[in-house]
>>> print(open('coords03.cif').read())   # mmCIF, C-alpha atoms
data_input
#
loop_
_atom_site.label_atom_id
_atom_site.label_comp_id
_atom_site.auth_asym_id
_atom_site.auth_seq_id
_atom_site.Cartn_x
_atom_site.Cartn_y
_atom_site.Cartn_z
CA MET U 1282 202.13 -64.99 -2.71
CA ALA U 1283 200.72 -64.27 0.75
CA THR U 1284 201.64 -60.96 2.35
CA GLU U 1285 203.12 -60.72 5.84
CA LEU U 1286 199.74 -59.64 7.22
CA GLU U 1287 197.90 -62.50 5.51
CA GLU U 1288 200.37 -64.95 7.04
CA LEU U 1289 199.83 -63.37 10.45
CA ILE U 1290 196.05 -63.74 10.13
CA GLY U 1291 196.57 -67.36 9.15
CA PHE U 1292 198.49 -67.93 12.38
CA LEU U 1293 195.41 -66.80 14.37
CA SER U 1294 193.95 -70.24 13.58
CA HIS U 1295 197.16 -72.21 14.17
CA ASP U 1296 196.94 -75.46 16.17
CA SER U 1297 199.91 -74.48 18.35
CA PRO U 1298 198.78 -72.37 21.35
CA PRO U 1299 202.11 -70.48 21.65
CA ILE U 1300 202.03 -69.52 17.96
CA LYS U 1301 198.38 -68.49 18.18
CA LYS U 1302 199.09 -66.42 21.31
CA ALA U 1303 202.04 -64.65 19.67
CA ALA U 1304 200.03 -63.99 16.50
CA VAL U 1305 197.04 -62.46 18.27
CA ASN U 1306 199.26 -60.16 20.34
CA ILE U 1307 201.07 -58.94 17.23
CA PHE U 1308 197.73 -58.47 15.44
CA ARG U 1309 196.32 -56.54 18.39
CA ASP U 1310 199.32 -54.20 18.26
CA TYR U 1311 198.72 -53.71 14.52
CA THR U 1312 195.22 -52.39 15.27
CA GLY U 1313 196.56 -49.90 17.79
CA SER U 1314 197.49 -47.32 15.14
CA GLU U 1315 195.59 -45.60 12.35
CA ASP U 1316 197.94 -46.96 9.68
CA GLY U 1317 197.63 -50.44 11.12
CA LEU U 1318 193.83 -50.24 11.10
CA GLN U 1319 193.87 -49.24 7.43
CA SER U 1320 196.11 -52.18 6.56
CA VAL U 1321 194.12 -54.69 8.60
CA GLY U 1322 190.79 -53.40 7.29
CA LYS U 1323 191.50 -54.87 3.87
CA TYR U 1324 191.49 -58.36 5.43
CA SER U 1325 188.54 -57.89 7.81
CA ALA U 1326 186.48 -60.62 6.10
CA VAL U 1327 189.07 -63.17 7.23
CA ALA U 1328 190.48 -61.50 10.35
CA VAL U 1329 187.21 -60.80 12.18
CA PRO U 1330 185.90 -64.41 12.15
CA SER U 1331 189.34 -65.65 13.25
CA LEU U 1332 189.40 -63.17 16.16
CA CYS U 1333 185.83 -64.07 17.14
CA ARG U 1334 186.78 -67.72 17.43
CA LEU U 1335 189.52 -66.74 19.89
CA LEU U 1336 187.10 -64.94 22.22
CA ALA U 1337 186.09 -68.24 23.81
CA GLU U 1338 189.67 -69.30 24.59
CA LYS U 1339 191.83 -68.64 27.66
CA LYS U 1340 192.28 -65.03 28.73
CA GLU U 1341 195.86 -64.84 27.44
CA VAL U 1342 194.42 -65.28 23.93
CA SER U 1343 190.84 -63.98 24.27
CA GLU U 1344 191.88 -60.65 25.79
CA PRO U 1345 194.16 -59.46 22.94
CA ALA U 1346 191.59 -60.80 20.45
CA ALA U 1347 188.86 -58.72 22.11
CA GLU U 1348 191.15 -55.67 22.25
CA ALA U 1349 191.81 -56.02 18.52
CA LEU U 1350 188.07 -56.22 17.80
CA VAL U 1351 187.39 -53.16 19.96
CA ASN U 1352 190.04 -51.24 18.01
CA LEU U 1353 188.64 -52.40 14.66
CA SER U 1354 185.08 -51.49 15.67
CA GLN U 1355 186.09 -47.85 16.14
CA VAL U 1356 186.18 -47.58 12.33
CA PRO U 1357 182.53 -47.21 11.16
CA ASP U 1358 183.01 -49.18 7.93
CA LEU U 1359 184.67 -52.05 9.77
CA ALA U 1360 182.05 -51.94 12.54
CA GLY U 1361 179.35 -52.22 9.87
CA LYS U 1362 181.01 -55.29 8.39
CA MET U 1363 181.31 -56.81 11.86
CA VAL U 1364 177.58 -56.34 12.42
CA GLU U 1365 176.87 -58.05 9.09
CA MET U 1366 179.02 -60.98 10.27
CA GLY U 1367 176.82 -61.37 13.36
CA ILE U 1368 179.21 -59.90 15.91
CA VAL U 1369 176.41 -58.92 18.33
CA LYS U 1370 175.13 -62.47 18.70
CA ILE U 1371 178.66 -63.86 19.02
CA VAL U 1372 179.57 -61.35 21.72
CA MET U 1373 176.34 -61.75 23.67
CA ASP U 1374 176.68 -65.54 23.69
CA ILE U 1375 180.24 -65.38 25.04
CA LEU U 1376 179.51 -62.52 27.44
CA TYR U 1377 177.09 -64.68 29.43
CA ARG U 1378 179.27 -67.76 29.70
CA ILE U 1379 180.17 -68.52 33.32
CA ASP U 1380 183.88 -68.56 32.58
CA CYS U 1381 183.98 -65.29 30.60
CA ASP U 1382 186.71 -63.04 32.00
CA ILE U 1383 186.78 -60.36 29.28
CA LYS U 1384 183.33 -58.92 29.97
CA HIS U 1385 184.44 -55.28 30.06
CA LEU U 1386 186.01 -55.57 26.60
CA LEU U 1387 182.98 -57.31 25.10
CA VAL U 1388 180.70 -54.59 26.48
CA MET U 1389 182.97 -51.93 24.95
CA LEU U 1390 182.73 -53.74 21.62
CA ILE U 1391 178.92 -53.52 21.79
CA VAL U 1392 179.22 -49.81 22.64
CA ASN U 1393 181.14 -49.26 19.41
CA VAL U 1394 178.87 -51.26 17.10
CA THR U 1395 175.70 -49.66 18.54
CA GLN U 1396 176.90 -46.31 17.29
CA LEU U 1397 175.60 -47.61 13.96
CA ASP U 1398 171.91 -48.05 13.13
CA ALA U 1399 172.59 -51.62 12.03
CA GLY U 1400 174.27 -52.38 15.35
CA ILE U 1401 171.29 -51.02 17.28
CA GLU U 1402 168.89 -53.09 15.15
CA SER U 1403 170.96 -56.18 15.84
CA LEU U 1404 171.07 -55.60 19.59
CA LEU U 1405 167.34 -54.87 19.79
CA GLN U 1406 166.73 -58.12 17.86
CA ASN U 1407 164.13 -56.40 15.72
CA GLY U 1408 162.41 -58.79 13.36
CA ASP U 1409 162.44 -61.65 15.86
CA GLU U 1410 159.22 -61.36 17.86
CA LYS U 1411 160.10 -64.12 20.34
CA MET U 1412 163.59 -62.82 21.11
CA GLN U 1413 163.07 -59.08 20.67
CA GLY U 1414 164.53 -57.11 23.57
CA LEU U 1415 166.15 -60.11 25.26
CA TYR U 1416 169.72 -58.87 24.81
CA VAL U 1417 168.84 -55.43 26.17
CA MET U 1418 167.04 -56.94 29.17
CA LYS U 1419 170.10 -59.04 29.96
CA LEU U 1420 172.41 -56.04 29.70
CA VAL U 1421 170.20 -53.87 31.92
CA ARG U 1422 170.00 -56.63 34.53
CA SER U 1423 173.79 -57.02 34.50
CA PHE U 1424 174.25 -53.24 34.55
CA CYS U 1425 172.21 -52.96 37.74
CA ALA U 1426 173.60 -56.09 39.41
CA SER U 1427 177.25 -55.26 38.71
CA SER U 1428 176.80 -51.83 40.30
CA CYS U 1429 176.30 -53.48 43.70
CA SER U 1430 179.14 -55.98 43.29
CA SER U 1431 181.54 -53.34 41.97
CA GLU U 1432 181.17 -51.32 45.16
CA ARG U 1433 182.41 -54.36 47.07
CA LYS U 1434 185.09 -55.55 44.65
CA GLY U 1435 186.10 -52.36 42.85
CA ASP U 1436 185.46 -53.99 39.46
CA ASP U 1437 182.62 -52.90 37.18
CA PRO U 1438 182.65 -54.93 33.94
CA PHE U 1439 179.19 -53.69 32.88
CA GLU U 1440 179.78 -49.99 33.55
CA HIS U 1441 179.89 -49.19 29.82
CA VAL U 1442 176.35 -50.52 29.37
CA ALA U 1443 175.48 -46.91 30.27
CA SER U 1444 176.83 -45.86 26.87
CA ILE U 1445 174.98 -48.67 25.09
CA LEU U 1446 171.71 -47.43 26.61
CA VAL U 1447 172.40 -43.91 25.37
CA ASN U 1448 173.08 -45.29 21.89
CA ILE U 1449 169.95 -47.41 21.60
CA SER U 1450 167.70 -44.72 23.12
CA GLN U 1451 168.64 -42.38 20.27
CA LYS U 1452 166.35 -44.51 18.10
CA GLU U 1453 162.57 -44.70 18.45
CA ALA U 1454 162.59 -48.51 18.59
CA GLY U 1455 165.09 -48.41 21.45
CA ARG U 1456 163.10 -45.83 23.39
CA LYS U 1457 159.88 -47.80 22.99
CA LEU U 1458 161.58 -50.93 24.31
CA LEU U 1459 162.94 -49.12 27.37
CA LEU U 1460 159.54 -47.55 28.04
CA GLU U 1461 157.49 -50.77 27.92
CA PRO U 1462 155.85 -50.91 31.39
CA LYS U 1463 155.81 -54.71 31.50
CA ARG U 1464 159.59 -54.90 31.11
CA GLY U 1465 160.22 -52.22 33.75
CA LEU U 1466 163.61 -51.36 32.23
CA LEU U 1467 163.50 -47.59 32.64
CA LYS U 1468 162.82 -47.88 36.36
CA GLN U 1469 165.84 -50.14 36.81
CA ILE U 1470 168.02 -47.79 34.76
CA ILE U 1471 166.97 -44.60 36.55
CA ARG U 1472 167.85 -46.07 39.92
CA GLN U 1473 171.46 -46.27 38.76
CA PHE U 1474 171.63 -42.48 38.73
CA ASP U 1475 172.70 -42.66 42.38
CA SER U 1476 175.85 -44.56 41.40
CA PRO U 1477 179.19 -42.95 42.33
CA SER U 1478 180.43 -43.80 38.81
CA PRO U 1479 180.47 -40.67 36.58
CA LEU U 1480 180.09 -42.88 33.50
CA ARG U 1481 176.99 -44.58 34.89
CA LYS U 1482 175.49 -41.28 36.04
CA LYS U 1483 176.03 -39.55 32.69
CA GLY U 1484 174.76 -42.58 30.75
CA VAL U 1485 171.59 -42.78 32.82
CA SER U 1486 171.03 -39.04 32.44
CA GLY U 1487 171.45 -39.22 28.67
CA THR U 1488 169.15 -42.23 28.42
CA ILE U 1489 166.40 -40.50 30.42
CA ARG U 1490 166.69 -37.42 28.22
CA ASN U 1491 166.43 -39.50 25.06
CA CYS U 1492 163.40 -41.40 26.38
CA CYS U 1493 161.66 -38.10 27.10
CA PHE U 1494 161.50 -37.47 23.35
CA GLU U 1495 158.62 -39.96 23.50
CA ALA U 1496 156.72 -37.76 25.99
CA GLU U 1497 154.05 -36.79 23.47
CA ASN U 1498 152.92 -40.40 23.04
CA GLN U 1499 154.28 -42.11 26.15
CA LEU U 1500 153.98 -39.54 28.93
CA GLN U 1501 151.94 -41.92 31.06
CA ASN U 1502 154.66 -44.57 30.91
CA LEU U 1503 157.28 -42.00 31.88
CA LEU U 1504 155.20 -40.77 34.81
CA LEU U 1505 154.67 -44.34 36.01
CA VAL U 1506 158.25 -44.14 37.31
CA SER U 1507 157.92 -40.54 38.58
CA GLU U 1508 159.03 -41.60 42.07
CA PHE U 1509 162.50 -42.16 40.58
CA LEU U 1510 162.27 -39.89 37.52
CA TRP U 1511 161.74 -36.53 39.23
CA PRO U 1512 164.62 -36.90 41.72
CA ALA U 1513 166.98 -37.96 38.90
CA LEU U 1514 166.01 -34.87 36.91
CA LEU U 1515 165.61 -32.26 39.64
CA LEU U 1516 168.32 -33.02 42.20
CA PRO U 1517 171.18 -32.27 39.76
CA VAL U 1518 169.77 -28.77 39.14
CA ALA U 1519 168.40 -27.98 42.62
CA GLY U 1520 171.54 -26.28 43.89
CA GLU U 1521 173.18 -26.92 47.26
CA LYS U 1522 170.79 -24.89 49.37
CA ILE U 1523 168.80 -26.61 52.13
CA TYR U 1524 165.16 -25.99 51.25
CA SER U 1525 162.66 -24.66 53.78
CA GLU U 1526 159.96 -26.83 55.28
CA GLN U 1527 157.44 -24.63 53.49
CA ASP U 1528 158.96 -25.68 50.17
CA THR U 1529 159.55 -29.35 50.93
CA SER U 1530 156.06 -29.85 52.36
CA LYS U 1531 154.72 -29.38 48.84
CA MET U 1532 157.04 -32.07 47.42
CA PRO U 1533 156.84 -35.86 47.43
CA PRO U 1534 158.98 -37.48 50.17
CA GLU U 1535 161.68 -38.67 47.76
CA LEU U 1536 162.36 -35.04 46.78
CA GLY U 1537 161.54 -33.25 50.02
CA SER U 1538 163.80 -35.41 52.19
CA ALA U 1539 166.75 -35.07 49.79
CA LEU U 1540 166.41 -31.28 49.64
CA SER U 1541 166.12 -30.94 53.42
CA ILE U 1542 169.76 -31.87 54.00
CA GLU U 1543 173.19 -30.79 52.82
CA ARG U 1544 174.29 -32.44 49.58
CA GLU U 1545 177.05 -32.23 47.01
CA ALA U 1546 176.38 -30.34 43.82
CA VAL U 1547 176.54 -32.19 40.49
CA ASP U 1548 179.73 -30.86 38.92
CA ASP U 1549 179.09 -32.14 35.39
CA PRO U 1550 177.38 -29.42 33.27
CA GLU U 1551 176.34 -32.00 30.66
CA ILE U 1552 174.25 -33.91 33.21
CA CYS U 1553 172.56 -30.69 34.33
CA VAL U 1554 171.70 -29.67 30.76
CA GLN U 1555 170.43 -33.18 29.97
CA ALA U 1556 168.20 -33.08 33.06
CA LEU U 1557 166.76 -29.70 32.09
CA ASP U 1558 166.24 -30.81 28.49
CA ALA U 1559 164.30 -33.82 29.76
CA ILE U 1560 162.17 -31.62 32.01
CA TYR U 1561 161.48 -29.33 29.04
CA LEU U 1562 160.26 -32.27 26.95
CA LEU U 1563 157.99 -33.41 29.78
CA VAL U 1564 156.45 -30.01 30.51
CA LEU U 1565 155.77 -29.43 26.82
CA GLN U 1566 152.82 -31.75 27.48
CA GLU U 1567 149.89 -30.37 29.48
CA ALA U 1568 149.76 -33.44 31.74
CA GLY U 1569 153.52 -33.16 32.19
CA ARG U 1570 153.18 -29.54 33.35
CA ARG U 1571 150.45 -30.52 35.80
CA ALA U 1572 152.64 -33.28 37.21
CA PHE U 1573 155.57 -30.87 37.47
CA TRP U 1574 153.54 -28.26 39.37
CA SER U 1575 152.17 -30.96 41.68
CA ILE U 1576 155.68 -31.73 43.01
CA ASN U 1577 156.61 -28.02 43.42
CA GLY U 1578 159.04 -28.39 40.52
CA PRO U 1579 159.02 -24.70 39.54
CA ARG U 1580 160.26 -23.72 43.01
CA ILE U 1581 163.21 -26.12 42.64
CA LEU U 1582 164.08 -24.58 39.28
CA GLN U 1583 163.83 -21.09 40.73
CA VAL U 1584 166.27 -21.87 43.55
CA GLY U 1585 168.61 -23.77 41.25
CA TYR U 1586 168.65 -20.95 38.71
CA GLU U 1587 169.41 -18.30 41.33
CA ASN U 1588 172.59 -20.18 42.30
CA GLU U 1589 173.74 -21.13 38.78
CA GLU U 1590 176.62 -19.41 37.00
CA ASN U 1591 177.24 -21.66 33.99
CA PRO U 1592 175.78 -19.90 30.89
CA GLN U 1593 174.89 -23.16 29.15
CA ILE U 1594 172.97 -24.46 32.17
CA MET U 1595 171.30 -21.09 32.70
CA GLU U 1596 170.09 -21.14 29.10
CA ALA U 1597 168.58 -24.60 29.66
CA PHE U 1598 166.86 -23.32 32.83
CA GLU U 1599 165.40 -20.40 30.86
CA ARG U 1600 163.97 -22.69 28.16
CA VAL U 1601 161.96 -24.57 30.79
CA GLY U 1602 161.06 -21.37 32.61
CA SER U 1603 159.61 -19.77 29.49
CA LEU U 1604 157.21 -22.70 29.12
CA LEU U 1605 156.07 -22.54 32.72
CA ILE U 1606 155.57 -18.78 32.59
CA GLN U 1607 153.38 -19.09 29.50
CA GLU U 1608 151.22 -21.57 31.43
CA ASN U 1609 151.22 -19.86 34.85
CA GLY U 1610 152.83 -16.46 34.48
CA VAL U 1611 151.56 -15.08 37.75
CA GLU U 1612 152.68 -18.00 39.89
CA THR U 1613 156.13 -18.59 38.34
CA ASP U 1614 159.19 -16.54 39.19
CA THR U 1615 160.03 -14.57 36.05
CA THR U 1616 163.77 -14.73 36.71
CA LEU U 1617 163.66 -18.08 34.91
CA ALA U 1618 162.98 -16.41 31.58
CA THR U 1619 165.29 -13.50 31.03
#
>>> encode(input="coords03.cif", output="structure tokens")
Amino acid sequence: MATELEELIGFLSHDSPPIKKAAVNIFRDYTGSEDGLQSVGKYSAVAVPSLCRLLAEKKEVSEPAAEALVNLSQVPDLAGKMVEMGIVKIVMDILYRIDCDIKHLLVMLIVNVTQLDAGIESLLQNGDEKMQGLYVMKLVRSFCASSCSSERKGDDPFEHVASILVNISQKEAGRKLLLEPKRGLLKQIIRQFDSPSPLRKKGVSGTIRNCCFEAENQLQNLLLVSEFLWPALLLPVAGEKIYSEQDTSKMPPELGSALSIEREAVDDPEICVQALDAIYLLVLQEAGRRAFWSINGPRILQVGYENEENPQIMEAFERVGSLLIQENGVETDTTLAT
């Protein structure tokens, strides 16, 4: 005899729109608690396909269906099963329909499943040479385009792509894709660091840091976007001080002009530490150190360190400083390596 939950899942496919709407709302509420998730998880093989079919319906049905899937995908085992069922392809197909009005929920669903290796593999489309990277390219394009429209409308459905980029860049295959010069993805992503959205800013910062783990083999590709890379890494840790003309004259215009005026400090310690970690990974390489000296980077670190009080950020400063002192002990201010 069917249980109450089995009957409810059956109603998700009912021909009557009112019954289907009521069923999906009740099911969504089930997934809102830990006990409910445990109960529903036993029927995921039937429930997930039924919910996926509802994603293409009117918002009154597709929205609670998407919310239920987002809740389910927070459980790693269930997220893994969803990936096996092809959830990434289903979501990406619906996400780019003209009439899709649950974009923000679908993006959050991808955030959750890309916390798993299998989810990342699926999104990168590894194993399909013709399609490889297409999903990521679409998401990056939407991420950048929605930033402009959100400033006008106040709605940012692709904001959480920032978290997807952090997830995929934790894997070598993801970093290599983002660093391919022909695709130009990293350049597009870095430019979003100027966004007023804290989520976008932190996601971009984390993605840059992760990509810098490829500095040993891909330093040249990283430095190809140095016009955008150095400001994104150095401005958060440069302090609020207006730099002298003597200092800024030794910097490229994109840095010198920004440091010649008053500016707000970055108040997120995590972003500052990520920026310094990325700089450390770059200056570990001899060519990275040369590039860093050529933009007067050590002077920016010196000024930023002098005005820093957060112990965690100061420790990150000192890690970079110790490298620079080993290379050019006489020229570098030793206060960076206490």
>>> closest_residue(input="coords03.cif", among="U:Thr1312, U:Gln1473, U:Ser1541, U:Ser1343", to="Leu1359 (chain U)", atoms="all atoms listed in the file")
U:Thr1312
>>> resolve_selection(input="coords03.cif", expression="the PyMOL selection byres ((chain U and resi 1318) around 10)", output="list in words")
Arg1309, Asp1310, Tyr1311, Thr1312, Gly1313, Ser1314, Glu1315, Asp1316, Gly1317, Gln1319, Ser1320, Val1321, Gly1322, Lys1323, Ser1325, Ala1349, Asn1352, Leu1353, Ser1354, Gln1355, Val1356 and Leu1359 of chain U
>>> residues_around(input="coords03.cif", residues="Ile1552 (chain U)", least_positions_apart="5", cutoff="12 Å", atoms="all atoms listed in the file", output="PyMOL selection string")
chain U and resi 1474+1479-1490+1513-1518+1546-1547+1557-1559+1593-1594+1597
>>> residues_around(input="coords03.cif", residues="region 1372-1389 of chain U", least_positions_apart="4", cutoff="7 Å", atoms="all atoms listed in the file", output="list in words")
Ala1337, Lys1340, Glu1344, Ala1347, Glu1348, Val1351, Ile1368, Asn1393, Pro1438, Phe1439, His1441 and Val1442 of chain U
>>> atom_distance(input="coords03.cif", atom1="CA of Gly1569 (chain U)", atom2="CA of Val1417 (chain U)")
27.7 Å
>>> atom_distance(input="coords03.cif", atom1="CA of Glu1521 (chain U)", atom2="CA of Asn1588 (chain U)")
8.4 Å
>>> residues_around(input="coords03.cif", residues="Leu1415 (chain U)", least_positions_apart="5", cutoff="9 Å", atoms="only C-alpha atoms", output="PDB file with C-alpha atoms, in the frame of the given file")
ATOM      1  CA  LEU U1404     171.070 -55.600  19.590  1.00  0.00           C
ATOM      2  CA  LEU U1405     167.340 -54.870  19.790  1.00  0.00           C
ATOM      3  CA  GLN U1406     166.730 -58.120  17.860  1.00  0.00           C
ATOM      4  CA  LEU U1420     172.410 -56.040  29.700  1.00  0.00           C
TER       5      LEU U1420
END
>>> residues_around(input="coords03.cif", residues="region 1577-1583 of chain U", least_positions_apart="4", cutoff="9 Å", atoms="all atoms listed in the file", output="PDB file with C-alpha atoms, keeping the file's coordinate frame")
ATOM      1  CA  TRP U1511     161.740 -36.530  39.230  1.00  0.00           C
ATOM      2  CA  LEU U1515     165.610 -32.260  39.640  1.00  0.00           C
ATOM      3  CA  LEU U1516     168.320 -33.020  42.200  1.00  0.00           C
ATOM      4  CA  VAL U1518     169.770 -28.770  39.140  1.00  0.00           C
ATOM      5  CA  ALA U1519     168.400 -27.980  42.620  1.00  0.00           C
ATOM      6  CA  GLY U1520     171.540 -26.280  43.890  1.00  0.00           C
ATOM      7  CA  TYR U1524     165.160 -25.990  51.250  1.00  0.00           C
ATOM      8  CA  ASP U1528     158.960 -25.680  50.170  1.00  0.00           C
ATOM      9  CA  THR U1529     159.550 -29.350  50.930  1.00  0.00           C
ATOM     10  CA  LYS U1531     154.720 -29.380  48.840  1.00  0.00           C
ATOM     11  CA  MET U1532     157.040 -32.070  47.420  1.00  0.00           C
ATOM     12  CA  PRO U1533     156.840 -35.860  47.430  1.00  0.00           C
ATOM     13  CA  ALA U1572     152.640 -33.280  37.210  1.00  0.00           C
ATOM     14  CA  PHE U1573     155.570 -30.870  37.470  1.00  0.00           C
ATOM     15  CA  GLU U1587     169.410 -18.300  41.330  1.00  0.00           C
ATOM     16  CA  ASN U1588     172.590 -20.180  42.300  1.00  0.00           C
ATOM     17  CA  PHE U1598     166.860 -23.320  32.830  1.00  0.00           C
ATOM     18  CA  VAL U1601     161.960 -24.570  30.790  1.00  0.00           C
ATOM     19  CA  GLY U1602     161.060 -21.370  32.610  1.00  0.00           C
ATOM     20  CA  LEU U1605     156.070 -22.540  32.720  1.00  0.00           C
ATOM     21  CA  THR U1613     156.130 -18.590  38.340  1.00  0.00           C
ATOM     22  CA  ASP U1614     159.190 -16.540  39.190  1.00  0.00           C
ATOM     23  CA  THR U1615     160.030 -14.570  36.050  1.00  0.00           C
ATOM     24  CA  THR U1616     163.770 -14.730  36.710  1.00  0.00           C
ATOM     25  CA  LEU U1617     163.660 -18.080  34.910  1.00  0.00           C
TER      26      LEU U1617
END
>>> atom_distance(input="coords03.cif", atom1="CA of Leu1332 (chain U)", atom2="CA of Ala1346 (chain U)")
5.4 Å
>>> residues_around(input="coords03.cif", residues="Leu1397 (chain U)", least_positions_apart="5", cutoff="10 Å", atoms="all atoms listed in the file", output="list in words")
Pro1357, Asp1358, Ala1360, Gly1361, Val1364, Val1392, Glu1402, Ser1403, Asn1448 and Ile1449 of chain U
>>> decode(input="coords03.cif", residues="region 1501-1572 of chain U", atoms="C-alpha atoms", output="PDB file, in the first residue's frame")
ATOM      1  CA  GLN U1501      51.868  33.806 -18.942  1.00  0.00           C
ATOM      2  CA  ASN U1502      48.112  33.344 -19.333  1.00  0.00           C
ATOM      3  CA  LEU U1503      47.518  34.988 -15.956  1.00  0.00           C
ATOM      4  CA  LEU U1504      49.744  37.942 -16.835  1.00  0.00           C
ATOM      5  CA  LEU U1505      47.941  38.378 -20.164  1.00  0.00           C
ATOM      6  CA  VAL U1506      45.136  39.960 -18.114  1.00  0.00           C
ATOM      7  CA  SER U1507      47.486  41.872 -15.772  1.00  0.00           C
ATOM      8  CA  GLU U1508      45.755  45.163 -16.627  1.00  0.00           C
ATOM      9  CA  PHE U1509      42.745  43.850 -14.679  1.00  0.00           C
ATOM     10  CA  LEU U1510      44.474  41.285 -12.451  1.00  0.00           C
ATOM     11  CA  TRP U1511      46.820  43.571 -10.508  1.00  0.00           C
ATOM     12  CA  PRO U1512      44.147  46.147  -9.562  1.00  0.00           C
ATOM     13  CA  ALA U1513      41.808  43.358  -8.406  1.00  0.00           C
ATOM     14  CA  LEU U1514      44.559  41.933  -6.196  1.00  0.00           C
ATOM     15  CA  LEU U1515      46.280  45.086  -4.955  1.00  0.00           C
ATOM     16  CA  LEU U1516      43.512  47.642  -4.429  1.00  0.00           C
ATOM     17  CA  PRO U1517      41.831  45.611  -1.649  1.00  0.00           C
ATOM     18  CA  VAL U1518      45.096  45.575   0.346  1.00  0.00           C
ATOM     19  CA  ALA U1519      46.456  49.029  -0.564  1.00  0.00           C
ATOM     20  CA  GLY U1520      44.900  50.833   2.396  1.00  0.00           C
ATOM     21  CA  GLU U1521      43.005  54.125   2.209  1.00  0.00           C
ATOM     22  CA  LYS U1522      46.011  56.410   1.931  1.00  0.00           C
ATOM     23  CA  ILE U1523      46.401  58.629  -1.146  1.00  0.00           C
ATOM     24  CA  TYR U1524      49.724  57.620  -2.678  1.00  0.00           C
ATOM     25  CA  SER U1525      52.368  60.165  -3.647  1.00  0.00           C
ATOM     26  CA  GLU U1526      53.122  61.015  -7.250  1.00  0.00           C
ATOM     27  CA  GLN U1527      56.560  59.511  -6.701  1.00  0.00           C
ATOM     28  CA  ASP U1528      54.916  56.166  -5.936  1.00  0.00           C
ATOM     29  CA  THR U1529      52.192  56.244  -8.582  1.00  0.00           C
ATOM     30  CA  SER U1530      54.585  57.290 -11.344  1.00  0.00           C
ATOM     31  CA  LYS U1531      56.145  53.838 -11.083  1.00  0.00           C
ATOM     32  CA  MET U1532      52.763  52.103 -11.494  1.00  0.00           C
ATOM     33  CA  PRO U1533      50.642  51.358 -14.561  1.00  0.00           C
ATOM     34  CA  PRO U1534      47.796  53.881 -15.070  1.00  0.00           C
ATOM     35  CA  GLU U1535      45.073  51.491 -13.890  1.00  0.00           C
ATOM     36  CA  LEU U1536      46.778  51.288 -10.483  1.00  0.00           C
ATOM     37  CA  GLY U1537      48.312  54.747 -10.228  1.00  0.00           C
ATOM     38  CA  SER U1538      45.090  56.615 -10.978  1.00  0.00           C
ATOM     39  CA  ALA U1539      43.077  54.550  -8.465  1.00  0.00           C
ATOM     40  CA  LEU U1540      45.636  55.109  -5.705  1.00  0.00           C
ATOM     41  CA  SER U1541      45.859  58.853  -6.365  1.00  0.00           C
ATOM     42  CA  ILE U1542      42.359  59.510  -5.019  1.00  0.00           C
ATOM     43  CA  GLU U1543      40.346  58.817  -1.893  1.00  0.00           C
ATOM     44  CA  ARG U1544      38.671  55.408  -1.867  1.00  0.00           C
ATOM     45  CA  GLU U1545      36.749  53.138   0.460  1.00  0.00           C
ATOM     46  CA  ALA U1546      38.611  50.335   2.159  1.00  0.00           C
ATOM     47  CA  VAL U1547      37.564  46.731   1.490  1.00  0.00           C
ATOM     48  CA  ASP U1548      35.912  45.685   4.741  1.00  0.00           C
ATOM     49  CA  ASP U1549      35.866  41.938   4.068  1.00  0.00           C
ATOM     50  CA  PRO U1550      38.989  40.261   5.566  1.00  0.00           C
ATOM     51  CA  GLU U1551      38.419  37.135   3.463  1.00  0.00           C
ATOM     52  CA  ILE U1552      38.783  39.110   0.226  1.00  0.00           C
ATOM     53  CA  CYS U1553      42.005  40.708   1.485  1.00  0.00           C
ATOM     54  CA  VAL U1554      43.509  37.348   2.470  1.00  0.00           C
ATOM     55  CA  GLN U1555      42.457  35.797  -0.859  1.00  0.00           C
ATOM     56  CA  ALA U1556      44.112  38.674  -2.736  1.00  0.00           C
ATOM     57  CA  LEU U1557      47.354  38.280  -0.786  1.00  0.00           C
ATOM     58  CA  ASP U1558      47.305  34.498  -1.239  1.00  0.00           C
ATOM     59  CA  ALA U1559      46.968  35.013  -4.992  1.00  0.00           C
ATOM     60  CA  ILE U1560      49.860  37.493  -5.007  1.00  0.00           C
ATOM     61  CA  TYR U1561      51.961  34.979  -3.054  1.00  0.00           C
ATOM     62  CA  LEU U1562      51.285  32.267  -5.650  1.00  0.00           C
ATOM     63  CA  LEU U1563      52.238  34.655  -8.461  1.00  0.00           C
ATOM     64  CA  VAL U1564      55.470  35.915  -6.891  1.00  0.00           C
ATOM     65  CA  LEU U1565      56.575  32.363  -6.122  1.00  0.00           C
ATOM     66  CA  GLN U1566      57.499  32.339  -9.814  1.00  0.00           C
ATOM     67  CA  GLU U1567      60.539  34.349 -10.898  1.00  0.00           C
ATOM     68  CA  ALA U1568      58.663  35.955 -13.807  1.00  0.00           C
ATOM     69  CA  GLY U1569      55.810  36.730 -11.422  1.00  0.00           C
ATOM     70  CA  ARG U1570      58.193  38.542  -9.060  1.00  0.00           C
ATOM     71  CA  ARG U1571      59.634  40.546 -11.939  1.00  0.00           C
ATOM     72  CA  ALA U1572      56.142  41.550 -13.045  1.00  0.00           C
TER      73      ALA U1572
END
